[in-house]
file entry_21.pdb (PDB, C-alpha atoms and all ligand atoms)
ATOM      1  CA  MET F   1     118.383-131.605 181.022
ATOM      2  CA  ASN F   2     116.345-128.504 180.210
ATOM      3  CA  PHE F   3     113.326-128.930 182.486
ATOM      4  CA  ALA F   4     111.030-127.413 179.870
ATOM      5  CA  ALA F   5     111.656-130.494 177.739
ATOM      6  CA  ASN F   6     110.393-134.024 178.340
ATOM      7  CA  LEU F   7     111.947-137.329 177.439
ATOM      8  CA  PHE F   8     109.367-140.024 176.608
ATOM      9  CA  ILE F   9     110.088-143.724 176.299
ATOM     10  CA  ILE F  10     107.574-145.826 174.343
ATOM     11  CA  SER F  11     107.890-149.634 174.414
ATOM     12  CA  ALA F  12     105.739-152.549 173.300
ATOM     13  CA  ALA F  13     105.949-155.976 171.763
ATOM     14  CA  SER F  14     106.684-155.569 168.064
ATOM     15  CA  GLY F  15     103.413-155.135 166.127
ATOM     16  CA  ALA F  16     101.415-153.668 169.043
ATOM     17  CA  GLY F  17     101.102-150.368 167.169
ATOM     18  CA  LYS F  18     103.778-148.077 168.610
ATOM     19  CA  SER F  19     104.878-146.552 165.306
ATOM     20  CA  THR F  20     101.295-145.992 164.188
ATOM     21  CA  MET F  21     100.422-144.267 167.468
ATOM     22  CA  LEU F  22     103.576-142.136 167.415
ATOM     23  CA  ARG F  23     102.875-141.000 163.850
ATOM     24  CA  ARG F  24      99.394-139.843 164.884
ATOM     25  CA  LEU F  25     100.698-138.191 168.028
ATOM     26  CA  PHE F  26     103.255-136.216 166.055
ATOM     27  CA  ALA F  27     100.682-135.131 163.475
ATOM     28  CA  GLU F  28      98.456-133.793 166.245
ATOM     29  CA  LEU F  29     100.890-132.396 168.784
ATOM     30  CA  SER F  30     103.975-131.217 166.918
ATOM     31  CA  PRO F  31     102.220-128.003 165.777
ATOM     32  CA  VAL F  32     101.536-127.222 169.467
ATOM     33  CA  SER F  33     105.025-127.727 170.883
ATOM     34  CA  PRO F  34     108.365-128.886 169.440
ATOM     35  CA  MET F  35     108.891-132.639 169.561
ATOM     36  CA  LYS F  36     111.301-135.027 167.901
ATOM     37  CA  PHE F  37     111.456-138.757 167.331
ATOM     38  CA  SER F  38     114.905-140.090 168.138
ATOM     39  CA  VAL F  39     116.221-142.009 165.116
ATOM     40  CA  SER F  40     118.150-144.987 166.480
ATOM     41  CA  HIS F  41     121.132-146.728 164.958
ATOM     42  CA  THR F  42     120.672-150.374 164.098
ATOM     43  CA  THR F  43     122.576-153.248 162.528
ATOM     44  CA  ARG F  44     119.383-154.924 161.237
ATOM     45  CA  ALA F  45     118.687-155.073 157.512
ATOM     46  CA  MET F  46     116.607-152.290 156.022
ATOM     47  CA  ARG F  47     112.999-153.327 155.277
ATOM     48  CA  GLU F  48     111.231-152.499 152.065
ATOM     49  CA  GLY F  49     109.942-148.959 152.230
ATOM     50  CA  GLU F  50     112.468-147.829 154.861
ATOM     51  CA  THR F  51     114.945-145.033 154.209
ATOM     52  CA  ASN F  52     118.335-144.675 155.852
ATOM     53  CA  GLY F  53     118.182-141.798 158.326
ATOM     54  CA  VAL F  54     114.365-141.815 158.575
ATOM     55  CA  GLU F  55     113.261-144.946 160.490
ATOM     56  CA  TYR F  56     116.841-145.765 161.537
ATOM     57  CA  HIS F  57     120.447-145.033 160.774
ATOM     58  CA  PHE F  58     121.469-148.398 159.318
ATOM     59  CA  VAL F  59     125.073-149.257 160.192
ATOM     60  CA  THR F  60     127.384-152.277 160.088
ATOM     61  CA  GLN F  61     128.198-154.295 163.208
ATOM     62  CA  GLU F  62     131.727-152.915 163.010
ATOM     63  CA  ARG F  63     130.533-149.299 162.997
ATOM     64  CA  PHE F  64     128.088-150.052 165.831
ATOM     65  CA  ARG F  65     130.907-151.490 167.952
ATOM     66  CA  GLU F  66     133.028-148.402 167.261
ATOM     67  CA  MET F  67     130.161-146.197 168.402
ATOM     68  CA  ILE F  68     129.848-148.192 171.644
ATOM     69  CA  ALA F  69     133.590-147.780 172.244
ATOM     70  CA  GLU F  70     133.325-144.023 171.592
ATOM     71  CA  ASN F  71     130.476-143.744 174.131
ATOM     72  CA  ASP F  72     128.146-142.450 171.411
ATOM     73  CA  PHE F  73     125.074-144.221 172.807
ATOM     74  CA  LEU F  74     122.870-143.160 175.720
ATOM     75  CA  GLU F  75     121.715-146.786 175.707
ATOM     76  CA  TRP F  76     122.036-149.761 173.428
ATOM     77  CA  ALA F  77     120.745-153.329 173.398
ATOM     78  CA  GLU F  78     120.592-156.490 171.375
ATOM     79  CA  VAL F  79     117.027-157.101 170.171
ATOM     80  CA  PHE F  80     116.055-160.032 167.897
ATOM     81  CA  GLY F  81     119.761-160.713 167.222
ATOM     82  CA  ASN F  82     120.502-157.188 166.012
ATOM     83  CA  TYR F  83     121.958-154.184 167.804
ATOM     84  CA  TYR F  84     119.964-151.021 168.394
ATOM     85  CA  GLY F  85     121.178-147.817 170.070
ATOM     86  CA  THR F  86     120.100-144.270 170.899
ATOM     87  CA  SER F  87     122.429-141.434 169.932
ATOM     88  CA  ARG F  88     123.560-139.488 172.981
ATOM     89  CA  SER F  89     124.358-136.239 171.143
ATOM     90  CA  ALA F  90     121.070-136.106 169.191
ATOM     91  CA  VAL F  91     118.941-136.575 172.323
ATOM     92  CA  GLU F  92     120.936-134.185 174.493
ATOM     93  CA  GLU F  93     120.914-131.484 171.819
ATOM     94  CA  CYS F  94     117.118-131.618 171.433
ATOM     95  CA  LEU F  95     116.467-131.598 175.171
ATOM     96  CA  SER F  96     118.823-128.663 175.695
ATOM     97  CA  GLN F  97     116.829-126.713 173.090
ATOM     98  CA  GLY F  98     113.548-127.413 174.896
ATOM     99  CA  THR F  99     112.321-130.009 172.377
ATOM    100  CA  ASP F 100     110.473-133.072 173.700
ATOM    101  CA  VAL F 101     112.147-136.303 172.587
ATOM    102  CA  PHE F 102     110.409-139.639 171.945
ATOM    103  CA  LEU F 103     112.348-142.898 172.143
ATOM    104  CA  ASP F 104     110.863-146.057 170.621
ATOM    105  CA  ILE F 105     113.090-148.549 172.436
ATOM    106  CA  ASP F 106     112.784-151.919 174.161
ATOM    107  CA  TRP F 107     112.639-152.655 177.912
ATOM    108  CA  GLN F 108     116.420-153.072 178.171
ATOM    109  CA  GLY F 109     116.977-149.610 176.717
ATOM    110  CA  ALA F 110     114.217-148.163 178.917
ATOM    111  CA  ARG F 111     116.007-149.419 182.032
ATOM    112  CA  GLN F 112     119.249-147.761 180.960
ATOM    113  CA  ILE F 113     117.543-144.452 180.136
ATOM    114  CA  ARG F 114     115.755-144.293 183.514
ATOM    115  CA  LYS F 115     119.160-144.449 185.207
ATOM    116  CA  VAL F 116     120.550-141.536 183.167
ATOM    117  CA  PHE F 117     117.315-139.495 183.062
ATOM    118  CA  PRO F 118     115.212-140.270 186.145
ATOM    119  CA  GLY F 119     112.717-137.652 184.895
ATOM    120  CA  ALA F 120     111.991-139.593 181.707
ATOM    121  CA  ARG F 121     108.362-140.751 181.429
ATOM    122  CA  SER F 122     107.781-144.232 180.083
ATOM    123  CA  VAL F 123     104.716-145.671 178.359
ATOM    124  CA  PHE F 124     104.064-149.340 177.625
ATOM    125  CA  ILE F 125     101.645-150.217 174.814
ATOM    126  CA  LEU F 126      99.802-153.534 175.168
ATOM    127  CA  PRO F 127      98.067-155.320 172.267
ATOM    128  CA  PRO F 128      94.494-156.459 173.011
ATOM    129  CA  GLY F 129      95.481-160.124 172.561
ATOM    130  CA  LEU F 130      98.098-162.451 171.089
ATOM    131  CA  ASP F 131      95.934-163.473 168.116
ATOM    132  CA  GLU F 132      95.429-159.815 167.237
ATOM    133  CA  LEU F 133      99.169-159.163 167.645
ATOM    134  CA  ARG F 134      99.893-161.921 165.113
ATOM    135  CA  ARG F 135      97.248-160.493 162.747
ATOM    136  CA  ARG F 136      98.897-157.068 162.958
ATOM    137  CA  LEU F 137     102.373-158.455 162.294
ATOM    138  CA  GLU F 138     101.036-160.394 159.299
ATOM    139  CA  GLY F 139      98.920-157.468 158.087
ATOM    140  CA  ARG F 140     101.922-155.127 158.184
ATOM    141  CA  GLY F 141     103.352-157.295 155.417
ATOM    142  CA  GLN F 142     106.956-156.407 156.187
ATOM    143  CA  ASP F 143     108.367-159.584 157.682
ATOM    144  CA  SER F 144     108.733-163.204 156.563
ATOM    145  CA  PRO F 145     106.719-165.934 158.381
ATOM    146  CA  GLU F 146     109.932-166.988 160.197
ATOM    147  CA  ILE F 147     110.570-163.471 161.458
ATOM    148  CA  ILE F 148     106.926-163.113 162.531
ATOM    149  CA  ALA F 149     107.158-166.415 164.425
ATOM    150  CA  GLY F 150     110.311-165.105 166.158
ATOM    151  CA  ARG F 151     108.591-161.833 167.093
ATOM    152  CA  MET F 152     105.575-163.713 168.497
ATOM    153  CA  GLU F 153     107.888-165.907 170.549
ATOM    154  CA  LYS F 154     109.640-162.840 171.972
ATOM    155  CA  ALA F 155     106.443-160.860 172.641
ATOM    156  CA  ARG F 156     106.044-162.320 176.124
ATOM    157  CA  GLY F 157     109.649-161.395 176.967
ATOM    158  CA  GLU F 158     108.823-157.733 176.268
ATOM    159  CA  ILE F 159     105.303-157.679 177.771
ATOM    160  CA  VAL F 160     106.491-159.167 181.062
ATOM    161  CA  HIS F 161     108.264-155.843 181.758
ATOM    162  CA  TYR F 162     105.095-153.721 181.474
ATOM    163  CA  ASP F 163     105.113-152.952 185.200
ATOM    164  CA  GLU F 164     108.424-151.076 185.014
ATOM    165  CA  TYR F 165     106.641-148.277 183.121
ATOM    166  CA  ASP F 166     104.828-145.137 184.344
ATOM    167  CA  TYR F 167     101.846-145.560 182.002
ATOM    168  CA  VAL F 168     100.199-148.551 180.319
ATOM    169  CA  ILE F 169      97.938-148.135 177.274
ATOM    170  CA  VAL F 170      95.969-150.941 175.602
ATOM    171  CA  ASN F 171      95.946-150.374 171.850
ATOM    172  CA  ASP F 172      92.638-152.006 170.963
ATOM    173  CA  ASP F 173      90.678-149.154 169.433
ATOM    174  CA  LEU F 174      93.363-147.024 167.769
ATOM    175  CA  ASP F 175      91.547-143.708 168.276
ATOM    176  CA  GLU F 176      91.094-144.335 171.997
ATOM    177  CA  ALA F 177      94.705-145.497 172.457
ATOM    178  CA  CYS F 178      95.953-142.375 170.678
ATOM    179  CA  ARG F 179      93.731-140.182 172.884
ATOM    180  CA  GLN F 180      95.295-141.796 175.952
ATOM    181  CA  LEU F 181      98.848-141.286 174.672
ATOM    182  CA  LYS F 182      98.041-137.664 173.856
ATOM    183  CA  ALA F 183      96.649-137.212 177.372
ATOM    184  CA  VAL F 184      99.876-138.547 178.923
ATOM    185  CA  VAL F 185     102.057-136.250 176.836
ATOM    186  CA  THR F 186      99.829-133.248 177.453
ATOM    187  CA  ALA F 187      99.812-133.888 181.206
ATOM    188  CA  GLU F 188     103.604-134.059 181.280
ATOM    189  CA  ARG F 189     103.841-130.849 179.304
ATOM    190  CA  THR F 190     101.645-129.061 181.841
ATOM    191  CA  ARG F 191     103.697-130.084 184.889
ATOM    192  CA  LEU F 192     104.762-127.176 187.073
ATOM    193  CA  SER F 193     108.466-127.734 186.355
ATOM    194  CA  CYS F 194     107.809-127.415 182.591
ATOM    195  CA  GLN F 195     105.339-124.582 182.723
ATOM    196  CA  LYS F 196     107.541-122.455 185.000
ATOM    197  CA  ILE F 197     109.990-122.290 182.100
ATOM    198  CA  ARG F 198     107.656-122.459 179.097
ATOM    199  CA  GLN F 199     105.289-119.810 180.475
ATOM    200  CA  ALA F 200     107.902-117.654 182.201
ATOM    201  CA  ASP F 201     107.001-114.518 180.213
ATOM    202  CA  LEU F 202     103.273-114.884 180.773
ATOM    203  CA  ILE F 203     103.704-115.563 184.494
ATOM    204  CA  SER F 204     105.964-112.583 184.926
ATOM    205  CA  ARG F 205     103.471-110.337 183.079
ATOM    206  CA  LEU F 206     100.591-111.674 185.177
ATOM    207  CA  LEU F 207     102.470-111.149 188.412
ATOM    208  CA  SER F 208     103.722-107.695 187.539
ATOM    209  CA  GLY F 209     100.203-106.629 186.574
ATOM    210  CA  SER F 210     101.193-105.638 182.999
TER     211      SER F 210
HETATM  212  P1  LIG F 301     104.968-151.464 166.062
HETATM  213  O1  LIG F 301     105.560-150.139 165.692
HETATM  214  O2  LIG F 301     104.539-151.516 167.492
HETATM  215  O3  LIG F 301     105.811-152.629 165.675
HETATM  216  P2  LIG F 301     103.010-150.823 163.964
HETATM  217  O4  LIG F 301     102.633-149.438 164.332
HETATM  218  O5  LIG F 301     103.885-151.040 162.778
HETATM  219  O6  LIG F 301     103.594-151.625 165.243
HETATM  220  O7  LIG F 301     101.617-151.619 163.769
HETATM  221  C1  LIG F 301     101.579-152.958 163.300
HETATM  222  C2  LIG F 301     100.366-153.119 162.354
HETATM  223  O8  LIG F 301      99.161-153.041 163.128
HETATM  224  C3  LIG F 301     100.289-152.016 161.288
HETATM  225  O9  LIG F 301      99.881-152.601 160.078
HETATM  226  C4  LIG F 301      99.221-151.064 161.843
HETATM  227  O10 LIG F 301      98.531-150.406 160.811
HETATM  228  C5  LIG F 301      98.302-152.007 162.625
HETATM  229  N1  LIG F 301      97.641-151.389 163.796
HETATM  230  C6  LIG F 301      98.189-150.553 164.711
HETATM  231  N2  LIG F 301      97.279-150.240 165.671
HETATM  232  C7  LIG F 301      96.141-150.888 165.360
HETATM  233  C8  LIG F 301      94.831-150.976 165.972
HETATM  234  N3  LIG F 301      94.518-150.328 167.101
HETATM  235  N4  LIG F 301      93.910-151.742 165.363
HETATM  236  C9  LIG F 301      94.207-152.437 164.227
HETATM  237  N5  LIG F 301      95.402-152.400 163.600
HETATM  238  C10 LIG F 301      96.378-151.645 164.153
HETATM  239  P1  LIG F 302     112.124-153.049 164.655
HETATM  240  O1  LIG F 302     113.276-153.860 164.127
HETATM  241  O2  LIG F 302     110.805-153.757 164.526
HETATM  242  O3  LIG F 302     112.086-151.659 164.089
HETATM  243  O4  LIG F 302     112.376-152.857 166.224
HETATM  244  C1  LIG F 302     112.558-153.963 167.036
HETATM  245  C2  LIG F 302     112.625-153.533 168.487
HETATM  246  O5  LIG F 302     113.798-152.746 168.736
HETATM  247  C3  LIG F 302     111.442-152.680 168.975
HETATM  248  O6  LIG F 302     111.006-153.227 170.213
HETATM  249  C4  LIG F 302     112.052-151.314 169.205
HETATM  250  O7  LIG F 302     111.409-150.618 170.261
HETATM  251  C5  LIG F 302     113.474-151.682 169.591
HETATM  252  N1  LIG F 302     114.402-150.562 169.364
HETATM  253  C6  LIG F 302     114.433-149.718 168.315
HETATM  254  N2  LIG F 302     115.423-148.797 168.461
HETATM  255  C7  LIG F 302     116.003-149.068 169.659
HETATM  256  C8  LIG F 302     117.089-148.464 170.377
HETATM  257  O8  LIG F 302     117.709-147.489 169.976
HETATM  258  N3  LIG F 302     117.409-149.047 171.574
HETATM  259  C9  LIG F 302     116.751-150.119 172.075
HETATM  260  N4  LIG F 302     117.134-150.568 173.261
HETATM  261  N5  LIG F 302     115.737-150.715 171.417
HETATM  262  C10 LIG F 302     115.368-150.196 170.224
END

call {"tool": "encode", "arguments": {"input": "entry_21.pdb", "output": "structure tokens", "more": "lines below"}}
Ligand code: ADP
Ligand code: 5GP
result
Amino acid sequence: MNFAANLFIISAASGAGKSTMLRRLFAELSPVSPMKFSVSHTTRAMREGETNGVEYHFVTQERFREMIAENDFLEWAEVFGNYYGTSRSAVEECLSQGTDVFLDIDWQGARQIRKVFPGARSVFILPPGLDELRRRLEGRGQDSPEIIAGRMEKARGEIVHYDEYDYVIVNDDLDEACRQLKAVVTAERTRLSCQKIRQADLISRLLSGS
């Protein structure tokens, strides 16, 4: 891992607002420093409005199994009856180029990533309540009532792992939650180990008196 680059894991119960917060974060911070959202592979059906290669790489179960066998995934897990996995080569290439990488993955994937990248920083997003979580899932208008019921049932199974994460953000007021996420990312980017590399030229000029 290039120590100028950070690997961020973002997890939450579905509907808590992860994608919304990440979109805002990218709009604000990507002009400041290179960052990339890792596009996972999944076997779930594409939702209306999704594009292959943008939200996910949509693949068949057969192709997913081949990719597992070829060790193509840094981590993979079964979530809501579908398979999801993070591409090893895409993440490693970005990190080696000094680009921060953001993974939107579940708690099972987060556990696997921490083993491979102990320096990864993980953030758990909590909804302000279960009623509000249901309202957000319904308001998103992307899933059938059966799927929403399934997601609500599984929310507790995700939330119970909140204490495995480095940071916990409550997404009640969206602006405030986004400020907190931005603060976490900015703090990580200003760590000594990052800045030694990112600011090497400046530090050498300052120390040489030129
Ligand atoms: P996730 O990616 O965690 O599944 P989304 O980002 O798709 O969740 O958000 C689910 C829905 O909730 C979206 O319609 C989004 O606009 C809405 N939403 C997100 N954050 C908030 C918030 N703080 N207050 C109200 N609605 C929100
Ligand atoms: P959705 O189907 O709503 O896009 O995502 C469902 C869940 O799968 C979310 O909790 C999301 O974080 C998780 N997920 C998405 N991609 C990956 C991945 O590559 N690995 C793992 N472990 N989970 C993922």

call {"tool": "residues_near_ligand", "arguments": {"input": "entry_21.pdb", "ligand": "ligand LIG 301 (chain F)", "cutoff": "7 Å", "atoms": "only C-alpha atoms and all ligand atoms", "output": "JSON, numbers by chain"}}
result
{"F": [12, 13, 14, 15, 16, 17, 18, 19, 20, 21, 136, 137, 139, 140, 171, 172, 173, 174]}

call {"tool": "closest_residue", "arguments": {"input": "entry_21.pdb", "among": "F:Leu133, F:Cys194, F:Ala5, F:Ala77", "to": "Arg156 (chain F)", "atoms": "all atoms listed in the file"}}
result
F:Leu133

call {"tool": "residues_near_ligand", "arguments": {"input": "entry_21.pdb", "ligand": "ligand LIG 302 (chain F)", "cutoff": "8 Å", "atoms": "only C-alpha atoms and all ligand atoms", "output": "ChimeraX atom specification"}}
result
/F:10-15,39-42,44,55-56,75-80,83-87,103-110,158

call {"tool": "resolve_selection", "arguments": {"input": "entry_21.pdb", "expression": "the PyMOL selection byres (((chain F and resi 162) around 9) and not hetatm)", "output": "list of chain:residue names"}}
result
F:Ser11, F:Ala12, F:Trp107, F:Val123, F:Phe124, F:Ile125, F:Leu126, F:Glu158, F:Ile159, F:Val160, F:His161, F:Asp163, F:Glu164, F:Tyr165, F:Tyr167, F:Val168

call {"tool": "residues_near_point", "arguments": {"input": "entry_21.pdb", "point": "(93.9, -144.7, 179.9)", "cutoff": "8 Å", "atoms": "all atoms listed in the file", "output": "list in words"}}
result
Val168, Ile169, Val170, Ala177, Gln180 and Leu181 of chain F

call {"tool": "closest_residue", "arguments": {"input": "entry_21.pdb", "among": "F:Leu192, F:Ala4, F:Met152, F:Val185", "to": "Leu29 (chain F)", "atoms": "only C-alpha atoms"}}
result
F:Val185

call {"tool": "resolve_selection", "arguments": {"input": "entry_21.pdb", "expression": "the PyMOL selection byres (((chain F and resi 26) around 12) and not hetatm)", "output": "VMD selection string"}}
result
chain F and resid 19 to 25 27 to 37 100 to 102 178 181 to 182 185

call {"tool": "atom_distance", "arguments": {"input": "entry_21.pdb", "atom1": "CA of Arg205 (chain F)", "atom2": "CA of Ser96 (chain F)"}}
result
25.0 Å
